[in-house]
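Okay, so here's the structure we're looking at.
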Amino acid sequence: MEKYETHTHDVIVIGAGGAGLRAAIEASAQGASVGLVCKSLLGKAHTVMAEGGVAAALANVDPQDNWKVHFHDTMHGGKMLNNWRMAQLHAQEAPDRVRELEHWGALFDRTKDGKIMQRAFGGHTWKRLAHVGDRTGLEMIRTLQDKGIHSGMDVYMECTITHLLKDGERISGAFGYWRESGRFVLFKTKAVILATGGVGKSYKVTSNSWEYTGDGQALAYDAGADLIDMEFIQFHPTGMVWPPSVKGILVTEAVRGEGGTLTNRNGERFMEKYDPQRMELSTRDVVARSIYTEVMEGRGSPHGGAFLDISHRGAEYVKKKLPSMYHQFMEFAQIDITKEPMEVFPTTHYMMGGVRVDADTAGSTVPGLFAAGEAAAGLHGANRLGGNSLSDLLVFGMRAGLGAAQYANELRDNTLKIDDVHLEKAAQEMLQPFENAEGENPYTVHQALQEVMGSYVGVFRTKEKLQDGIEEIQVLKDRASQLRIEGSRMYNPGWHLCKDLKSMLIVSEAIAKCALQREESRGAHSRVDFPKYNDEKWGKVNSVISKDNGTMKISTSPLPQMPEELRQIVEGGHK
């Protein structure tokens with residue numbers, strides 16, 4: 001152990017996006033010594049890409065709104081697969097978390113009487129999204145980071161965690177390396193919070209940034225924690241289509257929230273066919289499938305998408321409400337969205353599945369291991385409503401920080417051990433690609449994985465495609481066991497990809513196996529061969545992925561029972 005640089009903390013938070021920062025702030029406030037480890041630079045988190053707003057029933061614009069309506073909308077959006085307790089806590093606590101953010105200095109857009117402004121979003125009954133133009137995530141990160149660095153935590157930037165270490169069944173440490181030098185580093189800790197985000201880089205067309213390689217889900221799986229509902233990948237209906245260099249970059253739902261309309265090449269406003277009541281503000285799964293269907297049936301735009309038009313709202317309004325979108329299209333596509341439509345198509349966006357956690361503490365099935373944000377599962381069920389991810393970060397980031405600090409506090413007298421054998425094995429695994437005399441190029445394998453996921457595990461799925469996909473992933477796993485890279489450990493992106501590839505292959509296999517097992521269509525999971533809900537068999541169970549003697553085991557487990565008073569909110573009036 002002495003041969004590695006070592007740091008000791010009560011709590012280690014992996015990931016410095018919204019969930020990680022909020023968790024670190026809370027754990028620190030509880031008196032824990034906190035280390036915040038991030039793969040990128042502080043402030044570079046993917047949360048900054050969240051544009052539309054943070055969903056919370058503040059009732060500033062629509063006074064009828066309250067937590068019960070938000071709970072009702074979240075459960076229905078998630079097609080009733082949500083963990084009811086998480087949905088309840090989220091709806092009840094989101095307003096306080098947003099006001100707390102304002103108290104810490106976040107500058108939200110304002111109503112005429114000075115309250116936080118809220119806008120409409122798909123699947124939400126009332127105008128519920130508190131926002132800062134279309135740069136809400138950026139303002140959140142700015143505020144949390146400012147609060148965080150004054151809360152007395154240590155920050156370890158450009159550091160990748162590769163393995164979690166255990167003493168018996170409990171977490172006792174985390175092992176990784178500095179991306180700049182390639183030197184290994186050991187963190188001795190009582191508790192680890194995973195806040196690493198999603199899995200988008202397993203797919204070629206994605207709105208996600210380079211960090212999104214499923215690290216948290218893979219670390220949890222390897223440590224023996226359960227993953228649930230991995231089949232539910234949200235394809236955001238509106239990603240950029242043209243030019244190819246920006247394919248997949250997000251076009252915020254706020255464009256539709258502010259009145260943007262979708263049309264096909266014939267000029268038809270096609271959402272009338274798919275959801276005549278909610279139209280463009282239908283849930284993301286419905287809009288994504290509708291655009292996909294229009295294109296597949298030959299009614300797509302010139303570059304293979306649909307037209308999204310906001311120009312009728314007038315140039316001044318668009319520039320004020322959607323400044324980032326205006327600049328994004330001007331700079332990347334030379335399109336003035338105040339005068340002409342955008343071309344959009346579904347892009348891999350968000351993972352509803354992830355680490356199975358306890359609703360109140362955010363603890364996983366492994367003692368000492370916690371998860372929050374996109375790395376955790378349960379809140380969103382089969383489909384996430386827009387804006388719920390930002391309030392999810394705040395509500396469950398805080399709860400994870402609190403849960404981890406309390407857990408570490410109770411372990412005060414325990415001296416957790418680091419297993420030297422496990423440590424050496426972790427180091428050897430990381431060095432192997434330098435030692436292989438011959439082997440595969442990690443970039444080639446990654447490219448092949450993205451093709452497999454796009455072709456076999458995309459928006460629409462069938463038994464045959466999924467079986468082929470699982471076979472292909474097995475072949476890629478064999479290829480990835482023999483990766484070879486050259487050069488030194490300093491600034492070596494090929495080496496970084498070797499580690500990321502391991503994570504992406506774990507999550508990709510989990511996604512495909514869960515998608516094959518669930519023989520129905522629900523939320524973001526669309527089976528062409530099983531187009532309807534099957535409430536009897538699949539409406540009351542989570543898909544479960546666990547590690548069993550080194551192999552991936554798939555099963556189901558029943559959803560927790562919802563109390564009667566909450567059932568009435570979901571089923572009946574939610575006013």
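Labeling convention for the structure tokens: chains A, B, ... as they appear, residues from 1 per chain, ligands from 1 in order of appearance.
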Margin query: Report as an NGL selection string all protein, DNA and RNA residues lying within 9 Å of range 98-108 of chain A, evaluated on only C-alpha atoms, omitting residues in the same chain fewer than 4 positions from it.
Written below: :A and (54-56 or 58 or 93-94 or 115-117 or 130-133 or 136 or 139-140 or 142-144 or 146-147 or 391 or 394)
Note to self: Show me, as a ChimeraX atom specification, the residues that have an atom within 10 Å of range 238-241 of chain A when counting only C-alpha atoms, minus same-chain residues fewer than 6 positions from it.
What the structure shows: /A:205-207,247-253,255-256,262,284,287-288,291,301-308,328-329,332-333,342-349
Checklist line | Residue neighbourhood range 156-163 of chain A, 10 Å, only C-alpha atoms, exclusion window fewer than 3 positions, as an MDAnalysis selection string | finding: chainID A and resid 14:16 35:42 153 166 173:187 215:216 218:220 222:223 422:423 425:427 429:430 496 499:500 502:503
Note to self: DSSP on the backbone: which residues in range 213-384 of chain A end up as helix (DSSP H, G or I)? Give the answer as a PyMOL selection string.
What the structure shows: chain A and resi 215-222+244-246+254-257+271-274+279-281+284-296+311-313+315-321+323-333+373-375
Please report, as JSON lines, each residue of range 152-253 of chain A lying at most 12 Å from range 80-85 of chain A, together with the nearest pair of atoms and the separation in Å rounded to one decimal; use only C-alpha atoms, and order rows by chain and ascending residue number.
```
{"residue": "A:Ile228", "atom": "CA", "partner": "A:Leu81", "partner_atom": "CA", "distance": 11.1}
{"residue": "A:Asp229", "atom": "CA", "partner": "A:Leu81", "partner_atom": "CA", "distance": 9.1}
{"residue": "A:Phe232", "atom": "CA", "partner": "A:Leu81", "partner_atom": "CA", "distance": 10.6}
```
Margin query: Show me, as a PyMOL selection string, the residues that have an atom within 12 Å of range 480-483 of chain A when counting only C-alpha atoms, minus same-chain residues fewer than 6 positions from it.
Written below: chain A and resi 429-446+448-449+473-474+494-506
Next item on the list: Find the residues around Arg135 in chain A up to 9 Å (only C-alpha atoms counted), leave out those fewer than 3 positions away in its own chain, and share them as a PyMOL selection string.
Entry: chain A and resi 48-53+131-132+138-140+322-324
